[in-house]
>>> print(open('my_file_31.cif').read())   # mmCIF, N, CA and C atoms
data_data
#
loop_
_atom_site.label_atom_id
_atom_site.label_comp_id
_atom_site.auth_asym_id
_atom_site.auth_seq_id
_atom_site.Cartn_x
_atom_site.Cartn_y
_atom_site.Cartn_z
N MET A 1 84.00 127.62 86.31
CA MET A 1 85.13 126.72 86.27
C MET A 1 84.62 125.29 86.34
N ALA A 2 85.30 124.38 85.65
CA ALA A 2 84.94 122.97 85.64
C ALA A 2 86.19 122.11 85.70
N ILE A 3 86.07 120.96 86.33
CA ILE A 3 87.19 120.03 86.42
C ILE A 3 86.69 118.65 86.03
N ASN A 4 87.41 118.00 85.15
CA ASN A 4 87.12 116.62 84.77
C ASN A 4 88.40 115.84 85.00
N LYS A 5 88.57 115.28 86.21
CA LYS A 5 89.81 114.61 86.61
C LYS A 5 89.45 113.30 87.29
N VAL A 6 90.09 112.23 86.85
CA VAL A 6 89.89 110.91 87.43
C VAL A 6 91.23 110.38 87.90
N ILE A 7 91.23 109.77 89.08
CA ILE A 7 92.42 109.09 89.60
C ILE A 7 91.98 107.69 89.99
N LEU A 8 92.65 106.68 89.44
CA LEU A 8 92.32 105.29 89.74
C LEU A 8 93.57 104.53 90.16
N LEU A 9 93.39 103.61 91.08
CA LEU A 9 94.42 102.67 91.48
C LEU A 9 93.75 101.31 91.46
N GLY A 10 94.17 100.46 90.53
CA GLY A 10 93.51 99.17 90.39
C GLY A 10 94.32 98.19 89.57
N ARG A 11 93.70 97.05 89.33
CA ARG A 11 94.33 95.97 88.57
C ARG A 11 93.82 95.94 87.13
N VAL A 12 94.74 95.69 86.22
CA VAL A 12 94.40 95.58 84.80
C VAL A 12 93.60 94.29 84.59
N GLY A 13 92.45 94.40 83.94
CA GLY A 13 91.56 93.26 83.76
C GLY A 13 91.85 92.42 82.54
N LYS A 14 92.49 93.00 81.54
CA LYS A 14 92.84 92.25 80.32
C LYS A 14 94.04 92.91 79.67
N ASP A 15 94.79 92.13 78.91
CA ASP A 15 95.92 92.70 78.18
C ASP A 15 95.40 93.81 77.25
N PRO A 16 96.15 94.89 77.11
CA PRO A 16 95.71 95.99 76.25
C PRO A 16 95.52 95.57 74.79
N GLU A 17 94.50 96.14 74.18
CA GLU A 17 94.27 95.96 72.74
C GLU A 17 94.82 97.21 72.06
N ILE A 18 95.62 97.00 71.03
CA ILE A 18 96.27 98.11 70.35
C ILE A 18 95.67 98.26 68.96
N GLN A 19 95.31 99.50 68.62
CA GLN A 19 94.81 99.81 67.28
C GLN A 19 95.73 100.87 66.69
N GLN A 20 96.00 100.75 65.40
CA GLN A 20 96.89 101.70 64.75
C GLN A 20 96.08 102.58 63.81
N PHE A 21 96.33 103.89 63.91
CA PHE A 21 95.67 104.88 63.07
C PHE A 21 96.74 105.72 62.41
N ASP A 22 96.35 106.53 61.43
CA ASP A 22 97.29 107.42 60.76
C ASP A 22 97.95 108.39 61.75
N GLY A 23 97.17 108.86 62.72
CA GLY A 23 97.69 109.83 63.68
C GLY A 23 98.41 109.22 64.87
N GLY A 24 98.51 107.91 64.94
CA GLY A 24 99.18 107.25 66.06
C GLY A 24 98.41 106.04 66.54
N ASN A 25 98.85 105.48 67.65
CA ASN A 25 98.24 104.27 68.20
C ASN A 25 97.23 104.60 69.28
N LYS A 26 96.33 103.65 69.50
CA LYS A 26 95.37 103.73 70.59
C LYS A 26 95.46 102.41 71.36
N ALA A 27 95.58 102.50 72.68
CA ALA A 27 95.55 101.31 73.53
C ALA A 27 94.29 101.37 74.37
N SER A 28 93.61 100.24 74.49
CA SER A 28 92.43 100.19 75.35
C SER A 28 92.49 98.91 76.19
N PHE A 29 92.06 99.06 77.45
CA PHE A 29 92.05 97.95 78.39
C PHE A 29 91.10 98.29 79.53
N SER A 30 90.89 97.35 80.42
CA SER A 30 90.01 97.60 81.56
C SER A 30 90.80 97.56 82.85
N VAL A 31 90.31 98.29 83.84
CA VAL A 31 90.90 98.31 85.17
C VAL A 31 89.79 98.08 86.19
N ALA A 32 90.07 97.22 87.16
CA ALA A 32 89.11 96.95 88.24
C ALA A 32 89.56 97.67 89.50
N THR A 33 88.61 98.34 90.13
CA THR A 33 88.84 98.92 91.45
C THR A 33 87.85 98.26 92.40
N THR A 34 88.32 97.87 93.57
CA THR A 34 87.48 97.14 94.51
C THR A 34 87.44 97.85 95.86
N GLU A 35 86.21 98.08 96.34
CA GLU A 35 86.02 98.59 97.69
C GLU A 35 85.85 97.39 98.61
N ARG A 36 86.57 97.38 99.71
CA ARG A 36 86.50 96.26 100.64
C ARG A 36 85.13 96.15 101.27
N GLY A 37 84.75 94.91 101.57
CA GLY A 37 83.53 94.67 102.31
C GLY A 37 83.77 94.95 103.79
N PHE A 38 82.69 95.11 104.53
CA PHE A 38 82.82 95.37 105.96
C PHE A 38 81.53 94.98 106.67
N THR A 39 81.58 94.99 107.98
CA THR A 39 80.41 94.71 108.82
C THR A 39 80.07 95.97 109.60
N THR A 40 78.82 96.40 109.53
CA THR A 40 78.40 97.59 110.25
C THR A 40 78.31 97.30 111.75
N ARG A 41 78.13 98.35 112.53
CA ARG A 41 78.04 98.19 113.99
C ARG A 41 76.89 97.30 114.40
N ASP A 42 75.81 97.31 113.62
CA ASP A 42 74.67 96.47 113.96
C ASP A 42 74.75 95.06 113.36
N GLY A 43 75.92 94.72 112.80
CA GLY A 43 76.15 93.36 112.32
C GLY A 43 75.78 93.09 110.87
N LYS A 44 75.36 94.12 110.14
CA LYS A 44 75.00 93.94 108.73
C LYS A 44 76.26 93.82 107.88
N GLU A 45 76.30 92.75 107.07
CA GLU A 45 77.44 92.51 106.19
C GLU A 45 77.29 93.30 104.89
N ILE A 46 78.28 94.11 104.59
CA ILE A 46 78.32 94.85 103.33
C ILE A 46 79.41 94.18 102.48
N PRO A 47 79.01 93.56 101.35
CA PRO A 47 80.01 92.83 100.55
C PRO A 47 80.94 93.78 99.81
N GLU A 48 82.11 93.25 99.40
CA GLU A 48 83.02 94.05 98.59
C GLU A 48 82.36 94.33 97.25
N LYS A 49 82.76 95.44 96.64
CA LYS A 49 82.17 95.86 95.38
C LYS A 49 83.27 96.21 94.40
N THR A 50 83.24 95.59 93.23
CA THR A 50 84.23 95.85 92.19
C THR A 50 83.59 96.63 91.05
N GLU A 51 84.26 97.69 90.65
CA GLU A 51 83.84 98.49 89.50
C GLU A 51 84.86 98.27 88.38
N TRP A 52 84.37 98.16 87.15
CA TRP A 52 85.24 98.00 85.99
C TRP A 52 85.24 99.29 85.20
N HIS A 53 86.42 99.74 84.80
CA HIS A 53 86.59 101.00 84.08
C HIS A 53 87.25 100.72 82.73
N ASN A 54 86.71 101.32 81.68
CA ASN A 54 87.29 101.22 80.34
C ASN A 54 88.32 102.33 80.20
N ILE A 55 89.57 101.95 79.88
CA ILE A 55 90.66 102.90 79.78
C ILE A 55 91.13 103.01 78.33
N VAL A 56 91.42 104.23 77.90
CA VAL A 56 91.93 104.49 76.56
C VAL A 56 93.17 105.37 76.67
N CYS A 57 94.22 105.05 75.91
CA CYS A 57 95.44 105.86 75.84
C CYS A 57 95.78 106.09 74.37
N TRP A 58 96.40 107.21 74.10
CA TRP A 58 96.77 107.57 72.74
C TRP A 58 98.27 107.81 72.61
N LYS A 59 98.75 107.73 71.40
CA LYS A 59 100.11 108.09 70.98
C LYS A 59 101.20 107.47 71.85
N GLY A 60 102.10 108.29 72.41
CA GLY A 60 103.26 107.77 73.15
C GLY A 60 102.87 106.94 74.36
N LEU A 61 101.81 107.34 75.06
CA LEU A 61 101.37 106.58 76.22
C LEU A 61 100.86 105.20 75.80
N SER A 62 100.24 105.10 74.64
CA SER A 62 99.77 103.79 74.16
C SER A 62 100.94 102.86 73.86
N THR A 63 102.06 103.42 73.41
CA THR A 63 103.26 102.62 73.14
C THR A 63 103.82 102.05 74.44
N ILE A 64 103.84 102.85 75.49
CA ILE A 64 104.30 102.39 76.81
C ILE A 64 103.38 101.29 77.32
N VAL A 65 102.07 101.52 77.19
CA VAL A 65 101.09 100.53 77.65
C VAL A 65 101.26 99.22 76.89
N GLU A 66 101.44 99.31 75.59
CA GLU A 66 101.61 98.11 74.76
C GLU A 66 102.82 97.30 75.22
N ARG A 67 103.89 97.96 75.57
CA ARG A 67 105.13 97.26 75.94
C ARG A 67 105.13 96.72 77.36
N PHE A 68 104.50 97.43 78.30
CA PHE A 68 104.71 97.10 79.70
C PHE A 68 103.48 96.68 80.50
N VAL A 69 102.27 97.01 80.06
CA VAL A 69 101.07 96.72 80.86
C VAL A 69 100.50 95.37 80.46
N LYS A 70 100.23 94.54 81.48
CA LYS A 70 99.67 93.20 81.26
C LYS A 70 98.53 92.95 82.24
N LYS A 71 97.71 91.99 81.91
CA LYS A 71 96.61 91.60 82.78
C LYS A 71 97.14 91.28 84.18
N GLY A 72 96.46 91.79 85.21
CA GLY A 72 96.84 91.54 86.58
C GLY A 72 97.74 92.58 87.19
N ASP A 73 98.36 93.45 86.36
CA ASP A 73 99.25 94.48 86.88
C ASP A 73 98.49 95.49 87.73
N LEU A 74 99.15 95.99 88.75
CA LEU A 74 98.62 97.06 89.58
C LEU A 74 99.10 98.37 88.98
N ILE A 75 98.16 99.27 88.65
CA ILE A 75 98.55 100.54 88.05
C ILE A 75 97.82 101.70 88.73
N TYR A 76 98.46 102.84 88.65
CA TYR A 76 97.89 104.12 89.07
C TYR A 76 97.72 104.91 87.79
N LEU A 77 96.55 105.54 87.61
CA LEU A 77 96.38 106.35 86.41
C LEU A 77 95.58 107.60 86.70
N GLU A 78 95.84 108.61 85.90
CA GLU A 78 95.10 109.86 85.94
C GLU A 78 94.57 110.12 84.54
N GLY A 79 93.40 110.73 84.46
CA GLY A 79 92.83 111.04 83.17
C GLY A 79 91.53 111.80 83.32
N LYS A 80 90.69 111.70 82.29
CA LYS A 80 89.39 112.37 82.32
C LYS A 80 88.31 111.43 81.81
N ILE A 81 87.10 111.64 82.27
CA ILE A 81 85.95 110.83 81.85
C ILE A 81 85.42 111.38 80.52
N THR A 82 85.19 110.46 79.59
CA THR A 82 84.54 110.83 78.33
C THR A 82 83.43 109.84 78.06
N THR A 83 82.42 110.30 77.38
CA THR A 83 81.31 109.43 76.96
C THR A 83 81.12 109.62 75.47
N ARG A 84 80.96 108.52 74.76
CA ARG A 84 80.69 108.61 73.33
C ARG A 84 79.51 107.70 73.00
N SER A 85 78.91 107.96 71.86
CA SER A 85 77.74 107.16 71.45
C SER A 85 77.82 106.86 69.96
N TRP A 86 77.08 105.84 69.57
CA TRP A 86 76.98 105.46 68.16
C TRP A 86 75.65 104.76 67.95
N ASP A 87 75.22 104.74 66.70
CA ASP A 87 73.96 104.07 66.34
C ASP A 87 74.24 102.64 65.92
N SER A 88 73.42 101.72 66.42
CA SER A 88 73.53 100.32 66.02
C SER A 88 72.14 99.83 65.60
N ASP A 89 72.07 98.58 65.17
CA ASP A 89 70.79 98.01 64.77
C ASP A 89 69.81 97.96 65.94
N ASN A 90 70.33 97.88 67.16
CA ASN A 90 69.49 97.80 68.36
C ASN A 90 69.26 99.16 69.01
N GLY A 91 69.56 100.23 68.32
CA GLY A 91 69.38 101.56 68.87
C GLY A 91 70.70 102.22 69.20
N LYS A 92 70.62 103.34 69.86
CA LYS A 92 71.82 104.10 70.21
C LYS A 92 72.56 103.42 71.34
N LYS A 93 73.89 103.32 71.22
CA LYS A 93 74.76 102.71 72.23
C LYS A 93 75.65 103.79 72.82
N TYR A 94 75.98 103.62 74.11
CA TYR A 94 76.84 104.56 74.81
C TYR A 94 77.95 103.81 75.52
N ILE A 95 79.10 104.47 75.66
CA ILE A 95 80.18 103.92 76.45
C ILE A 95 80.87 105.07 77.19
N THR A 96 81.21 104.82 78.43
CA THR A 96 81.96 105.77 79.22
C THR A 96 83.38 105.24 79.37
N GLU A 97 84.35 106.09 79.08
CA GLU A 97 85.75 105.69 79.12
C GLU A 97 86.56 106.71 79.91
N ILE A 98 87.69 106.25 80.39
CA ILE A 98 88.68 107.12 81.00
C ILE A 98 89.79 107.30 79.98
N VAL A 99 90.02 108.52 79.54
CA VAL A 99 91.15 108.80 78.64
C VAL A 99 92.32 109.15 79.54
N ALA A 100 93.29 108.24 79.59
CA ALA A 100 94.44 108.39 80.50
C ALA A 100 95.45 109.36 79.92
N ASP A 101 95.99 110.20 80.80
CA ASP A 101 97.10 111.07 80.39
C ASP A 101 98.35 110.83 81.24
N ASN A 102 98.23 109.97 82.26
CA ASN A 102 99.38 109.59 83.08
C ASN A 102 99.12 108.20 83.64
N ILE A 103 100.09 107.31 83.49
CA ILE A 103 99.98 105.96 84.04
C ILE A 103 101.30 105.62 84.73
N GLU A 104 101.18 105.09 85.93
CA GLU A 104 102.35 104.61 86.65
C GLU A 104 102.18 103.13 86.91
N LEU A 105 103.19 102.36 86.54
CA LEU A 105 103.16 100.92 86.74
C LEU A 105 103.65 100.62 88.15
N LEU A 106 102.83 99.95 88.94
CA LEU A 106 103.18 99.68 90.32
C LEU A 106 103.60 98.23 90.53
N GLY A 107 103.65 97.45 89.49
CA GLY A 107 104.09 96.06 89.60
C GLY A 107 102.99 95.12 89.16
N ASN A 108 103.41 93.88 88.89
CA ASN A 108 102.42 92.90 88.48
C ASN A 108 101.84 92.19 89.69
N LYS A 109 100.89 91.31 89.47
CA LYS A 109 100.18 90.65 90.55
C LYS A 109 101.12 89.84 91.43
N THR A 110 102.07 89.14 90.82
CA THR A 110 103.00 88.31 91.58
C THR A 110 103.90 89.18 92.45
N GLU A 111 104.47 90.24 91.87
CA GLU A 111 105.33 91.13 92.65
C GLU A 111 104.57 91.76 93.80
N SER A 112 103.33 92.19 93.55
CA SER A 112 102.52 92.82 94.59
C SER A 112 102.19 91.83 95.70
N LYS A 113 101.93 90.58 95.35
CA LYS A 113 101.62 89.55 96.33
C LYS A 113 102.82 89.28 97.22
N VAL A 114 104.01 89.21 96.63
CA VAL A 114 105.23 88.99 97.40
C VAL A 114 105.44 90.16 98.36
N ALA A 115 105.29 91.39 97.88
CA ALA A 115 105.45 92.57 98.74
C ALA A 115 104.42 92.57 99.87
N GLU A 116 103.20 92.18 99.56
CA GLU A 116 102.14 92.12 100.57
C GLU A 116 102.47 91.07 101.63
N ASP A 117 102.94 89.90 101.21
CA ASP A 117 103.32 88.84 102.14
C ASP A 117 104.47 89.29 103.03
N MET A 118 105.46 89.98 102.45
CA MET A 118 106.59 90.46 103.24
C MET A 118 106.13 91.48 104.28
N GLU A 119 105.19 92.33 103.90
CA GLU A 119 104.67 93.34 104.81
C GLU A 119 103.94 92.68 105.99
N GLN A 120 103.15 91.65 105.71
CA GLN A 120 102.42 90.94 106.77
C GLN A 120 103.38 90.23 107.71
N GLU A 121 104.46 89.65 107.18
CA GLU A 121 105.44 88.96 108.01
C GLU A 121 106.16 89.94 108.93
N SER A 122 106.39 91.16 108.47
CA SER A 122 107.14 92.13 109.26
C SER A 122 106.29 92.78 110.34
N ASP A 123 104.96 92.56 110.34
CA ASP A 123 104.09 93.17 111.34
C ASP A 123 104.45 92.74 112.77
N GLY A 124 104.99 91.55 112.93
CA GLY A 124 105.32 91.06 114.27
C GLY A 124 106.69 91.48 114.75
N LEU A 125 107.46 92.16 113.91
CA LEU A 125 108.82 92.55 114.28
C LEU A 125 108.80 93.79 115.19
N PRO A 126 109.73 93.89 116.13
CA PRO A 126 109.74 95.00 117.06
C PRO A 126 110.26 96.32 116.47
N PHE A 127 110.72 96.32 115.23
CA PHE A 127 111.25 97.57 114.63
C PHE A 127 110.62 97.84 113.31
#
>>> encode(input="my_file_31.cif", output="structure tokens")
Amino acid sequence: MAINKVILLGRVGKDPEIQQFDGGNKASFSVATTERGFTTRDGKEIPEKTEWHNIVCWKGLSTIVERFVKKGDLIYLEGKITTRSWDSDNGKKYITEIVADNIELLGNKTESKVAEDMEQESDGLPF
């Protein structure tokens, strides 16, 4: 048995690029996921680390992405990892992509910031 499943929660790094083919549309964009930095017990600073992921969507999902996904949006996505290669003048090239099969829009950067600010303000409330 094998499983190829990816779950990401991150911010869209650029507006989606849409390509049209005979069999349907393809949307591609990047998503950043960031692990928070921290300080170890012995005082060593571990900086935050951001990973960039190449995302690809096809057909109906690409239409949704084209209409609603923008740079800075917070999204949740599920999909699978794929790797493809091609020959170029400089040798063989490789790219690893996430082929999304489910995307949930969680809001744009401004909406998320407002919600975050409201949450921080409510921390001091007794209820």
>>> resolve_selection(input="my_file_31.cif", expression="the PyMOL selection byres ((chain A and resi 62-71) around 5)", output="JSON, numbers by chain")
{"A": [12, 13, 14, 15, 27, 57, 58, 59, 60, 61, 72, 73]}
>>> select_by_dssp(input="my_file_31.cif", residues="chain A", states="strand (DSSP E or B)", output="ChimeraX atom specification")
/A:6-12,17-21,24-35,38-39,45-46,49-58,74-88,91-105
>>> select_by_dssp(input="my_file_31.cif", residues="chain A", states="helix (DSSP H, G or I)", output="list of chain:residue names")
A:Lys59, A:Gly60, A:Leu61, A:Ser62, A:Thr63, A:Ile64, A:Val65, A:Glu66, A:Arg67, A:Phe68, A:Lys109, A:Thr110, A:Glu111, A:Ser112, A:Lys113, A:Val114, A:Ala115, A:Glu116, A:Asp117, A:Met118, A:Glu119, A:Gln120, A:Glu121, A:Ser122
>>> write_last_selection(input="my_file_31.cif", atoms="N, CA and C atoms", output="PDB file, keeping the file's coordinate frame")
ATOM      1  N   LYS A  59      98.750 107.730  71.400  1.00  0.00           N
ATOM      2  CA  LYS A  59     100.110 108.090  70.980  1.00  0.00           C
ATOM      3  C   LYS A  59     101.200 107.470  71.850  1.00  0.00           C
ATOM      4  N   GLY A  60     102.100 108.290  72.410  1.00  0.00           N
ATOM      5  CA  GLY A  60     103.260 107.770  73.150  1.00  0.00           C
ATOM      6  C   GLY A  60     102.870 106.940  74.360  1.00  0.00           C
ATOM      7  N   LEU A  61     101.810 107.340  75.060  1.00  0.00           N
ATOM      8  CA  LEU A  61     101.370 106.580  76.220  1.00  0.00           C
ATOM      9  C   LEU A  61     100.860 105.200  75.800  1.00  0.00           C
ATOM     10  N   SER A  62     100.240 105.100  74.640  1.00  0.00           N
ATOM     11  CA  SER A  62      99.770 103.790  74.160  1.00  0.00           C
ATOM     12  C   SER A  62     100.940 102.860  73.860  1.00  0.00           C
ATOM     13  N   THR A  63     102.060 103.420  73.410  1.00  0.00           N
ATOM     14  CA  THR A  63     103.260 102.620  73.140  1.00  0.00           C
ATOM     15  C   THR A  63     103.820 102.050  74.440  1.00  0.00           C
ATOM     16  N   ILE A  64     103.840 102.850  75.490  1.00  0.00           N
ATOM     17  CA  ILE A  64     104.300 102.390  76.810  1.00  0.00           C
ATOM     18  C   ILE A  64     103.380 101.290  77.320  1.00  0.00           C
ATOM     19  N   VAL A  65     102.070 101.520  77.190  1.00  0.00           N
ATOM     20  CA  VAL A  65     101.090 100.530  77.650  1.00  0.00           C
ATOM     21  C   VAL A  65     101.260  99.220  76.890  1.00  0.00           C
ATOM     22  N   GLU A  66     101.440  99.310  75.590  1.00  0.00           N
ATOM     23  CA  GLU A  66     101.610  98.110  74.760  1.00  0.00           C
ATOM     24  C   GLU A  66     102.820  97.300  75.220  1.00  0.00           C
ATOM     25  N   ARG A  67     103.890  97.960  75.570  1.00  0.00           N
ATOM     26  CA  ARG A  67     105.130  97.260  75.940  1.00  0.00           C
ATOM     27  C   ARG A  67     105.130  96.720  77.360  1.00  0.00           C
ATOM     28  N   PHE A  68     104.500  97.430  78.300  1.00  0.00           N
ATOM     29  CA  PHE A  68     104.710  97.100  79.700  1.00  0.00           C
ATOM     30  C   PHE A  68     103.480  96.680  80.500  1.00  0.00           C
ATOM     31  N   LYS A 109     100.890  91.310  89.470  1.00  0.00           N
ATOM     32  CA  LYS A 109     100.180  90.650  90.550  1.00  0.00           C
ATOM     33  C   LYS A 109     101.120  89.840  91.430  1.00  0.00           C
ATOM     34  N   THR A 110     102.070  89.140  90.820  1.00  0.00           N
ATOM     35  CA  THR A 110     103.000  88.310  91.580  1.00  0.00           C
ATOM     36  C   THR A 110     103.900  89.180  92.450  1.00  0.00           C
ATOM     37  N   GLU A 111     104.470  90.240  91.870  1.00  0.00           N
ATOM     38  CA  GLU A 111     105.330  91.130  92.650  1.00  0.00           C
ATOM     39  C   GLU A 111     104.570  91.760  93.800  1.00  0.00           C
ATOM     40  N   SER A 112     103.330  92.190  93.550  1.00  0.00           N
ATOM     41  CA  SER A 112     102.520  92.820  94.590  1.00  0.00           C
ATOM     42  C   SER A 112     102.190  91.830  95.700  1.00  0.00           C
ATOM     43  N   LYS A 113     101.930  90.580  95.350  1.00  0.00           N
ATOM     44  CA  LYS A 113     101.620  89.550  96.330  1.00  0.00           C
ATOM     45  C   LYS A 113     102.820  89.280  97.220  1.00  0.00           C
ATOM     46  N   VAL A 114     104.010  89.210  96.630  1.00  0.00           N
ATOM     47  CA  VAL A 114     105.230  88.990  97.400  1.00  0.00           C
ATOM     48  C   VAL A 114     105.440  90.160  98.360  1.00  0.00           C
ATOM     49  N   ALA A 115     105.290  91.390  97.880  1.00  0.00           N
ATOM     50  CA  ALA A 115     105.450  92.570  98.740  1.00  0.00           C
ATOM     51  C   ALA A 115     104.420  92.570  99.870  1.00  0.00           C
ATOM     52  N   GLU A 116     103.200  92.180  99.560  1.00  0.00           N
ATOM     53  CA  GLU A 116     102.140  92.120 100.570  1.00  0.00           C
ATOM     54  C   GLU A 116     102.470  91.070 101.630  1.00  0.00           C
ATOM     55  N   ASP A 117     102.940  89.900 101.210  1.00  0.00           N
ATOM     56  CA  ASP A 117     103.320  88.840 102.140  1.00  0.00           C
ATOM     57  C   ASP A 117     104.470  89.290 103.030  1.00  0.00           C
ATOM     58  N   MET A 118     105.460  89.980 102.450  1.00  0.00           N
ATOM     59  CA  MET A 118     106.590  90.460 103.240  1.00  0.00           C
ATOM     60  C   MET A 118     106.130  91.480 104.280  1.00  0.00           C
ATOM     61  N   GLU A 119     105.190  92.330 103.900  1.00  0.00           N
ATOM     62  CA  GLU A 119     104.670  93.340 104.810  1.00  0.00           C
ATOM     63  C   GLU A 119     103.940  92.680 105.990  1.00  0.00           C
ATOM     64  N   GLN A 120     103.150  91.650 105.710  1.00  0.00           N
ATOM     65  CA  GLN A 120     102.420  90.940 106.770  1.00  0.00           C
ATOM     66  C   GLN A 120     103.380  90.230 107.710  1.00  0.00           C
ATOM     67  N   GLU A 121     104.460  89.650 107.180  1.00  0.00           N
ATOM     68  CA  GLU A 121     105.440  88.960 108.010  1.00  0.00           C
ATOM     69  C   GLU A 121     106.160  89.940 108.930  1.00  0.00           C
ATOM     70  N   SER A 122     106.390  91.160 108.470  1.00  0.00           N
ATOM     71  CA  SER A 122     107.140  92.130 109.260  1.00  0.00           C
ATOM     72  C   SER A 122     106.290  92.780 110.340  1.00  0.00           C
TER      73      SER A 122
END
>>> atom_distance(input="my_file_31.cif", atom1="CA of Asn4 (chain A)", atom2="CA of Ile81 (chain A)")
6.6 Å
>>> closest_residue(input="my_file_31.cif", among="A:Ala2, A:Leu8, A:Ile55, A:Leu77", to="Lys26 (chain A)", atoms="only C-alpha atoms")
A:Ile55
>>> residues_near_point(input="my_file_31.cif", point="(80.0, 106.5, 70.6)", cutoff="12 Å", atoms="only C-alpha atoms", output="ChimeraX atom specification")
/A:82-88,91-97
>>> closest_residue(input="my_file_31.cif", among="A:Asn54, A:Glu17, A:Arg11, A:Ile3", to="Thr34 (chain A)", atoms="all atoms listed in the file")
A:Arg11
>>> closest_residue(input="my_file_31.cif", among="A:Gln19, A:Ser28, A:Thr39, A:Thr33", to="Glu51 (chain A)", atoms="only C-alpha atoms")
A:Thr33
>>> resolve_selection(input="my_file_31.cif", expression="the PyMOL selection byres ((chain A and resi 36) around 6.5)", output="JSON, numbers by chain")
{"A": [34, 35, 37, 38, 46, 47, 48, 49]}
>>> atom_distance(input="my_file_31.cif", atom1="CA of Trp52 (chain A)", atom2="CA of Gly23 (chain A)")
28.2 Å
>>> decode(input="my_file_31.cif", residues="region 15-28 of chain A", atoms="N, CA, C and O atoms", output="short mmCIF file (atom, residue, chain, number, x, y, z; two decimals), in the first residue's frame")
data_model
loop_
_atom_site.label_atom_id
_atom_site.label_comp_id
_atom_site.auth_asym_id
_atom_site.auth_seq_id
_atom_site.Cartn_x
_atom_site.Cartn_y
_atom_site.Cartn_z
N ASP A 15 -0.32 35.81 -7.81
CA ASP A 15 -1.60 35.56 -8.47
C ASP A 15 -1.46 34.34 -9.39
O ASP A 15 -0.42 34.17 -10.03
N PRO A 16 -2.48 33.51 -9.46
CA PRO A 16 -2.41 32.31 -10.31
C PRO A 16 -2.19 32.65 -11.78
O PRO A 16 -2.72 33.64 -12.28
N GLU A 17 -1.40 31.82 -12.43
CA GLU A 17 -1.22 31.91 -13.88
C GLU A 17 -2.13 30.85 -14.50
O GLU A 17 -2.12 29.70 -14.09
N ILE A 18 -2.90 31.26 -15.49
CA ILE A 18 -3.87 30.36 -16.11
C ILE A 18 -3.41 30.03 -17.52
O ILE A 18 -3.07 30.92 -18.29
N GLN A 19 -3.42 28.74 -17.85
CA GLN A 19 -3.11 28.28 -19.20
C GLN A 19 -4.31 27.51 -19.71
O GLN A 19 -4.94 26.76 -18.95
N GLN A 20 -4.62 27.68 -20.99
CA GLN A 20 -5.76 27.00 -21.56
C GLN A 20 -5.28 25.92 -22.52
O GLN A 20 -4.38 26.15 -23.34
N PHE A 21 -5.87 24.73 -22.37
CA PHE A 21 -5.55 23.59 -23.21
C PHE A 21 -6.85 23.06 -23.79
O PHE A 21 -7.94 23.42 -23.34
N ASP A 22 -6.75 22.17 -24.77
CA ASP A 22 -7.94 21.56 -25.36
C ASP A 22 -8.77 20.82 -24.32
O ASP A 22 -9.98 20.85 -24.35
N GLY A 23 -8.10 20.17 -23.37
CA GLY A 23 -8.81 19.38 -22.36
C GLY A 23 -9.26 20.18 -21.16
O GLY A 23 -9.84 19.63 -20.23
N GLY A 24 -9.00 21.47 -21.11
CA GLY A 24 -9.39 22.30 -19.97
C GLY A 24 -8.29 23.27 -19.57
O GLY A 24 -7.29 23.40 -20.25
N ASN A 25 -8.51 23.93 -18.46
CA ASN A 25 -7.56 24.94 -17.98
C ASN A 25 -6.62 24.36 -16.94
O ASN A 25 -6.94 23.39 -16.25
N LYS A 26 -5.48 25.03 -16.79
CA LYS A 26 -4.51 24.71 -15.76
C LYS A 26 -4.19 26.01 -15.02
O LYS A 26 -3.92 27.03 -15.64
N ALA A 27 -4.26 25.97 -13.69
CA ALA A 27 -3.86 27.12 -12.88
C ALA A 27 -2.61 26.73 -12.11
O ALA A 27 -2.52 25.62 -11.58
N SER A 28 -1.65 27.63 -12.05
CA SER A 28 -0.45 27.38 -11.26
C SER A 28 -0.11 28.62 -10.45
O SER A 28 -0.28 29.75 -10.91
#
